[in-house]
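Heads up, run.txt below (compact mmCIF, C-alpha atoms):
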```txt
# COMPACT_ATOMS: atom_id res chain seq x y z
CA MET A 1 43.49 -24.67 13.76
CA SER A 2 45.12 -21.88 15.73
CA ASP A 3 42.58 -19.87 17.69
CA GLU A 4 45.13 -17.19 18.49
CA MET A 5 45.95 -16.73 14.80
CA LEU A 6 42.25 -16.37 13.91
CA LYS A 7 41.75 -13.77 16.65
CA SER A 8 44.82 -11.94 15.42
CA ILE A 9 43.53 -11.89 11.80
CA LEU A 10 40.14 -10.55 12.96
CA GLY A 11 41.87 -7.97 15.17
CA ASP A 12 44.01 -6.80 12.24
CA LEU A 13 40.91 -6.63 10.02
CA ASP A 14 38.89 -4.59 12.52
CA GLY A 15 41.90 -2.34 13.07
CA SER A 16 42.48 -1.87 9.32
CA SER A 17 39.51 0.46 8.96
CA ALA A 18 37.25 2.51 11.20
CA ASP A 19 34.46 1.40 8.83
CA ILE A 20 34.52 -2.16 10.24
CA GLU A 21 32.43 -2.52 13.37
CA ALA A 22 32.73 -6.23 14.09
CA SER A 23 33.81 -9.50 12.48
CA ALA A 24 33.49 -13.22 13.11
CA VAL A 25 34.49 -16.57 11.64
CA ILE A 26 31.50 -18.90 11.51
CA SER A 27 31.34 -22.57 10.54
CA THR A 28 28.93 -23.31 7.70
CA ASP A 29 26.58 -24.89 10.27
CA GLY A 30 26.37 -21.62 12.21
CA LEU A 31 28.80 -22.11 15.11
CA THR A 32 31.15 -19.24 15.94
CA ILE A 33 34.81 -20.23 15.56
CA ALA A 34 36.29 -16.84 16.50
CA SER A 35 34.87 -13.34 16.83
CA GLN A 36 35.59 -9.67 17.43
CA LEU A 37 32.13 -8.43 18.33
CA SER A 38 31.02 -5.38 20.28
CA SER A 39 29.14 -6.02 23.53
CA THR A 40 25.84 -5.14 21.84
CA MET A 41 26.27 -7.81 19.14
CA ASP A 42 25.11 -11.29 20.11
CA GLU A 43 27.47 -14.07 18.97
CA ASP A 44 24.75 -16.69 18.49
CA ARG A 45 22.61 -14.29 16.47
CA VAL A 46 25.51 -13.39 14.16
CA GLY A 47 26.28 -17.09 13.72
CA ALA A 48 22.71 -18.08 12.98
CA MET A 49 22.02 -15.26 10.49
CA SER A 50 25.39 -15.80 8.76
CA ALA A 51 24.79 -19.52 8.30
CA ALA A 52 21.23 -18.94 7.01
CA MET A 53 22.34 -16.26 4.51
CA LEU A 54 25.24 -18.42 3.36
CA SER A 55 23.02 -21.42 2.78
CA LEU A 56 20.41 -19.45 0.80
CA GLY A 57 23.14 -17.53 -1.04
CA ASP A 58 24.73 -20.85 -2.09
CA ARG A 59 21.40 -22.06 -3.42
CA THR A 60 20.58 -18.79 -5.18
CA ALA A 61 23.98 -18.71 -6.90
CA VAL A 62 23.48 -22.25 -8.18
CA GLU A 63 19.79 -21.81 -9.20
CA LEU A 64 20.56 -18.61 -11.12
CA ALA A 65 23.66 -20.07 -12.79
CA ARG A 66 26.15 -17.83 -10.93
CA GLY A 67 28.41 -20.76 -9.99
CA ASP A 68 29.90 -21.37 -6.55
CA LEU A 69 29.09 -18.73 -3.94
CA GLU A 70 31.95 -16.39 -3.02
CA GLN A 71 30.35 -13.43 -1.22
CA VAL A 72 27.04 -12.07 0.02
CA MET A 73 26.57 -8.38 0.84
CA ILE A 74 23.54 -7.02 2.67
CA LYS A 75 23.06 -3.26 2.72
CA GLY A 76 20.65 -1.70 5.17
CA ASP A 77 20.05 2.00 5.71
CA ASN A 78 22.23 1.69 8.82
CA GLY A 79 25.20 -0.28 7.44
CA TYR A 80 26.49 -3.42 5.77
CA VAL A 81 26.90 -7.12 6.46
CA LEU A 82 29.46 -8.88 4.28
CA LEU A 83 29.88 -12.66 4.13
CA ILE A 84 32.92 -14.19 2.44
CA HIS A 85 33.72 -17.89 2.17
CA ALA A 86 36.87 -18.70 4.14
CA GLY A 87 37.65 -22.14 2.77
CA PRO A 88 34.91 -24.71 2.20
CA ASP A 89 33.71 -25.03 5.81
CA ALA A 90 33.66 -21.49 7.18
CA VAL A 91 32.57 -17.96 6.43
CA LEU A 92 34.00 -14.61 7.47
CA THR A 93 31.22 -12.22 8.52
CA VAL A 94 32.10 -8.51 8.53
CA ILE A 95 29.74 -5.86 9.91
CA ALA A 96 30.44 -2.33 8.65
CA HIS A 97 29.12 1.18 9.28
CA LYS A 98 26.77 2.84 6.85
CA ALA A 99 29.43 5.36 5.76
CA ALA A 100 31.86 2.54 4.89
CA LYS A 101 33.89 2.73 1.69
CA LEU A 102 32.97 -0.65 0.22
CA GLY A 103 36.04 -1.14 -2.02
CA PRO A 104 38.64 -1.18 0.77
CA VAL A 105 36.34 -3.17 3.09
CA PHE A 106 35.86 -5.87 0.40
CA LEU A 107 39.61 -5.97 -0.26
CA ASP A 108 40.64 -6.21 3.41
CA ALA A 109 37.91 -8.77 4.12
CA SER A 110 38.90 -10.93 1.13
CA ARG A 111 42.53 -10.95 2.29
CA ALA A 112 41.47 -11.83 5.83
CA ALA A 113 39.22 -14.64 4.52
CA ALA A 114 42.17 -16.08 2.56
CA GLY A 115 44.31 -15.94 5.73
CA ILE A 116 41.57 -17.61 7.77
CA ALA A 117 41.14 -20.37 5.16
CA GLU A 118 44.85 -21.21 5.59
CA GLN A 119 44.39 -21.58 9.36
CA LEU A 120 41.36 -23.88 9.26
CA MET B 1 0.85 0.30 -12.62
CA SER B 2 2.02 0.58 -16.22
CA ASP B 3 3.35 -2.72 -17.48
CA GLU B 4 4.77 -1.11 -20.62
CA MET B 5 6.69 1.44 -18.54
CA LEU B 6 8.18 -1.32 -16.35
CA LYS B 7 9.25 -3.30 -19.43
CA SER B 8 10.76 -0.14 -20.85
CA ILE B 9 12.74 0.57 -17.64
CA LEU B 10 14.06 -3.02 -17.61
CA GLY B 11 14.91 -2.78 -21.32
CA ASP B 12 16.84 0.45 -20.75
CA LEU B 13 18.65 -1.10 -17.78
CA ASP B 14 19.68 -4.25 -19.70
CA GLY B 15 20.73 -2.06 -22.62
CA SER B 16 22.75 0.30 -20.39
CA SER B 17 25.55 -2.21 -19.93
CA ALA B 18 26.75 -5.41 -21.55
CA ASP B 19 27.46 -6.56 -17.97
CA ILE B 20 23.74 -6.99 -17.24
CA GLU B 21 22.41 -10.35 -18.37
CA ALA B 22 18.81 -10.21 -17.18
CA SER B 23 16.51 -8.29 -14.86
CA ALA B 24 13.08 -8.66 -13.31
CA VAL B 25 10.66 -6.86 -11.02
CA ILE B 26 9.33 -9.23 -8.36
CA SER B 27 6.67 -8.65 -5.72
CA THR B 28 7.85 -9.26 -2.16
CA ASP B 29 5.80 -12.48 -2.14
CA GLY B 30 7.76 -13.84 -5.11
CA LEU B 31 5.50 -13.19 -8.11
CA THR B 32 7.06 -11.75 -11.26
CA ILE B 33 5.61 -8.33 -12.17
CA ALA B 34 7.81 -7.74 -15.25
CA SER B 35 10.97 -9.34 -16.60
CA GLN B 36 13.71 -9.25 -19.21
CA LEU B 37 15.09 -12.75 -18.91
CA SER B 38 17.04 -14.88 -21.33
CA SER B 39 15.39 -18.08 -22.52
CA THR B 40 17.63 -20.13 -20.21
CA MET B 41 16.49 -18.24 -17.11
CA ASP B 42 13.27 -19.52 -15.52
CA GLU B 43 10.92 -16.74 -14.37
CA ASP B 44 9.45 -18.69 -11.45
CA ARG B 45 12.90 -19.66 -10.20
CA VAL B 46 14.14 -16.06 -10.32
CA GLY B 47 10.98 -14.94 -8.46
CA ALA B 48 11.22 -17.59 -5.77
CA MET B 49 14.94 -17.09 -5.06
CA SER B 50 14.57 -13.29 -5.08
CA ALA B 51 11.70 -13.35 -2.59
CA ALA B 52 13.54 -15.79 -0.31
CA MET B 53 16.77 -13.75 -0.35
CA LEU B 54 14.84 -10.54 0.25
CA SER B 55 12.98 -11.99 3.21
CA LEU B 56 16.15 -13.35 4.85
CA GLY B 57 18.08 -10.17 3.97
CA ASP B 58 15.38 -8.08 5.67
CA ARG B 59 15.63 -10.22 8.78
CA THR B 60 19.45 -10.23 8.81
CA ALA B 61 19.60 -6.43 8.46
CA VAL B 62 17.23 -6.02 11.41
CA GLU B 63 18.84 -8.70 13.62
CA LEU B 64 22.35 -7.29 13.07
CA ALA B 65 21.20 -3.68 13.59
CA ARG B 66 21.74 -2.59 9.97
CA GLY B 67 18.30 -0.95 9.71
CA ASP B 68 15.89 -1.36 6.82
CA LEU B 69 17.14 -3.53 3.95
CA GLU B 70 18.12 -1.68 0.77
CA GLN B 71 20.20 -4.15 -1.28
CA VAL B 72 21.49 -7.70 -1.36
CA MET B 73 24.38 -8.74 -3.57
CA ILE B 74 25.33 -12.35 -4.21
CA LYS B 75 28.66 -13.02 -5.90
CA GLY B 76 29.35 -16.44 -7.37
CA ASP B 77 32.42 -17.45 -9.35
CA ASN B 78 30.27 -17.11 -12.47
CA GLY B 79 28.59 -13.73 -11.84
CA TYR B 80 26.39 -11.59 -9.64
CA VAL B 81 22.78 -11.38 -8.47
CA LEU B 82 21.75 -7.96 -7.18
CA LEU B 83 18.46 -7.29 -5.37
CA ILE B 84 17.31 -3.73 -4.75
CA HIS B 85 14.08 -2.67 -3.06
CA ALA B 86 11.80 -0.88 -5.55
CA GLY B 87 9.31 0.68 -3.17
CA PRO B 88 7.92 -1.24 -0.19
CA ASP B 89 6.23 -4.08 -2.12
CA ALA B 90 8.65 -5.03 -4.90
CA VAL B 91 12.28 -5.80 -5.62
CA LEU B 92 14.39 -5.31 -8.73
CA THR B 93 16.55 -8.37 -9.41
CA VAL B 94 19.56 -7.85 -11.69
CA ILE B 95 21.69 -10.73 -12.94
CA ALA B 96 25.18 -9.71 -14.10
CA HIS B 97 28.18 -11.37 -15.74
CA LYS B 98 31.23 -12.28 -13.71
CA ALA B 99 33.34 -9.59 -15.38
CA ALA B 100 30.80 -6.88 -14.46
CA LYS B 101 32.04 -3.54 -13.13
CA LEU B 102 29.98 -3.39 -9.95
CA GLY B 103 29.95 0.41 -9.48
CA PRO B 104 28.09 1.26 -12.71
CA VAL B 105 25.79 -1.76 -12.34
CA PHE B 106 24.79 -0.66 -8.80
CA LEU B 107 24.24 2.90 -10.01
CA ASP B 108 22.11 1.95 -13.03
CA ALA B 109 20.14 -0.59 -11.02
CA SER B 110 19.46 1.90 -8.20
CA ARG B 111 18.15 4.45 -10.71
CA ALA B 112 15.97 1.81 -12.37
CA ALA B 113 14.62 0.71 -8.96
CA ALA B 114 13.66 4.31 -8.17
CA GLY B 115 11.87 4.57 -11.52
CA ILE B 116 10.07 1.26 -10.93
CA ALA B 117 9.00 2.37 -7.43
CA GLU B 118 7.29 5.40 -9.03
CA GLN B 119 5.33 3.12 -11.39
CA LEU B 120 4.03 0.70 -8.76
```
Let me see whether you can do it: turn the structure in this file into structure tokens.
Amino acid sequence: MSDEMLKSILGDLDGSSADIEASAVISTDGLTIASQLSSTMDEDRVGAMSAAMLSLGDRTAVELARGDLEQVMIKGDNGYVLLIHAGPDAVLTVIAHKAAKLGPVFLDASRAAAGIAEQL
Amino acid sequence: MSDEMLKSILGDLDGSSADIEASAVISTDGLTIASQLSSTMDEDRVGAMSAAMLSLGDRTAVELARGDLEQVMIKGDNGYVLLIHAGPDAVLTVIAHKAAKLGPVFLDASRAAAGIAEQL
């Protein structure tokens, strides 16, 4: 695994759109592998919430016959959290502003997740 | 609360698009208020998973500074589960096929959720 490459992919992702506020690569057990977070965003908190959402999302997808989990999106009235599987053992978490255009964010995040999966 | 009206809103929603497979109105504690589910979809299971996702989604939105939760979307390789708040005490759960066009499904589901919120 190349830490520099992961940081570079996250940097490119965050730079690709002003809509993306922060991003992180988290192992499925909740540990942060790499991150581009603002100073107000706590790394451990992002890791813990991402791992919990991923685990419940996995179970929901299976229980409701939706197959293997690919993405979870959470929309609040102040913005979005997007989780995308990056290979079997990690997830890319993307935190976006409330005015974000979802289509491009999904596309850029999916590409980044594919790039991250190659590095892990 | 008018049970007939809720059934009618869910019927209209399921009829609005071939992409929508099933839908249900669930109380935030996981009890089914009304549903349009196929015979293969278990009502209690849909209720339990919806309430769990909603609860964790609420917490994630707050912890990651995304404000009050509005929607959760789960994408599996076999389709989508969409949860939308329908007033403070209920959630509309929509289960869609994997080929679903997400934009129209979100729009129809949001309108249905607003209609359901008025009935509760």
> In Å, how far is it from CA of Ser23 (chain B) to CA of Ala114 (chain B)?
Replying inline: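 According to the coordinates, CA of Ser23 (chain B) and CA of Ala114 (chain B) are separated by 14.5 Å.
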> With all atoms listed in the file as the basis for distance, which of A:Leu37, A:Met73, A:Met5, A:Ala51 is at the shortest distance from chain B?
Replying inline: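 Among the listed residues, A:Met73 lies closest to chain B.
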> What would the list of residues within 9 Å of (3.9, -12.6, -4.9) (file frame) look like as a PyMOL selection string, if only C-alpha atoms are what count?
Replying inline: chain B and resi 26-33+47-48+51+90
Grab the residues selected above and save them as an mmCIF file, in the coordinates of the input with C-alpha atoms.
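Produced file selection.cif, reproduced below:
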```cif
data_model
loop_
_atom_site.group_PDB
_atom_site.id
_atom_site.type_symbol
_atom_site.label_atom_id
_atom_site.label_comp_id
_atom_site.auth_asym_id
_atom_site.auth_seq_id
_atom_site.Cartn_x
_atom_site.Cartn_y
_atom_site.Cartn_z
ATOM 1 C CA ILE B 26 9.330 -9.230 -8.360
ATOM 2 C CA SER B 27 6.670 -8.650 -5.720
ATOM 3 C CA THR B 28 7.850 -9.260 -2.160
ATOM 4 C CA ASP B 29 5.800 -12.480 -2.140
ATOM 5 C CA GLY B 30 7.760 -13.840 -5.110
ATOM 6 C CA LEU B 31 5.500 -13.190 -8.110
ATOM 7 C CA THR B 32 7.060 -11.750 -11.260
ATOM 8 C CA ILE B 33 5.610 -8.330 -12.170
ATOM 9 C CA GLY B 47 10.980 -14.940 -8.460
ATOM 10 C CA ALA B 48 11.220 -17.590 -5.770
ATOM 11 C CA ALA B 51 11.700 -13.350 -2.590
ATOM 12 C CA ALA B 90 8.650 -5.030 -4.900
#
```
>> Which residues are close to Asp42 (chain B), i.e. within 12 Å by all atoms listed in the file, leaving aside same-chain residues fewer than 6 positions away? Reply as a list in words.
In response: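 The residues satisfying every condition are Glu63, Leu64 and Ala65 of chain A; Ala22, Ser23, Ala24, Thr32, Ser35, Gln36, Ala48 and Met49 of chain B.
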> Is there a way to get, as a PyMOL selection string, all residues within 12 Å of the point (46.3, -20.8, 6.5) in file coordinates, counting all atoms listed in the file?
Replying inline: chain A and resi 1-3+5-6+9+86-87+111-120
If the cut-off is 8 Å, can you tell me the residues of chain A near chain B, counting all atoms listed in the file? I'd like them as a tab-separated table (two decimals) with C-alpha atoms, in the frame of the given file.
```
chain	number	residue	atom	x	y	z
A	41	MET	CA	26.27	-7.81	19.14
A	45	ARG	CA	22.61	-14.29	16.47
A	46	VAL	CA	25.51	-13.39	14.16
A	49	MET	CA	22.02	-15.26	10.49
A	52	ALA	CA	21.23	-18.94	7.01
A	53	MET	CA	22.34	-16.26	4.51
A	56	LEU	CA	20.41	-19.45	0.80
A	57	GLY	CA	23.14	-17.53	-1.04
A	60	THR	CA	20.58	-18.79	-5.18
A	61	ALA	CA	23.98	-18.71	-6.90
A	63	GLU	CA	19.79	-21.81	-9.20
A	64	LEU	CA	20.56	-18.61	-11.12
A	65	ALA	CA	23.66	-20.07	-12.79
A	66	ARG	CA	26.15	-17.83	-10.93
A	67	GLY	CA	28.41	-20.76	-9.99
A	68	ASP	CA	29.90	-21.37	-6.55
A	69	LEU	CA	29.09	-18.73	-3.94
A	70	GLU	CA	31.95	-16.39	-3.02
A	71	GLN	CA	30.35	-13.43	-1.22
A	72	VAL	CA	27.04	-12.07	0.02
A	73	MET	CA	26.57	-8.38	0.84
A	74	ILE	CA	23.54	-7.02	2.67
A	75	LYS	CA	23.06	-3.26	2.72
A	76	GLY	CA	20.65	-1.70	5.17
A	77	ASP	CA	20.05	2.00	5.71
A	78	ASN	CA	22.23	1.69	8.82
A	79	GLY	CA	25.20	-0.28	7.44
A	80	TYR	CA	26.49	-3.42	5.77
A	81	VAL	CA	26.90	-7.12	6.46
```
> At what distance in Å, to one decimal, does CA of Val94 (chain A) lie from CA of Asp19 (chain A)?
Replying inline: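 Those two atoms sit 10.2 Å apart.
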> Quick one, how far is CA of Asp14 (chain A) from CA of Ala100 (chain A)?
Replying inline: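 CA of Ala100 (chain A) lies at a distance of 12.6 Å from CA of Asp14 (chain A).
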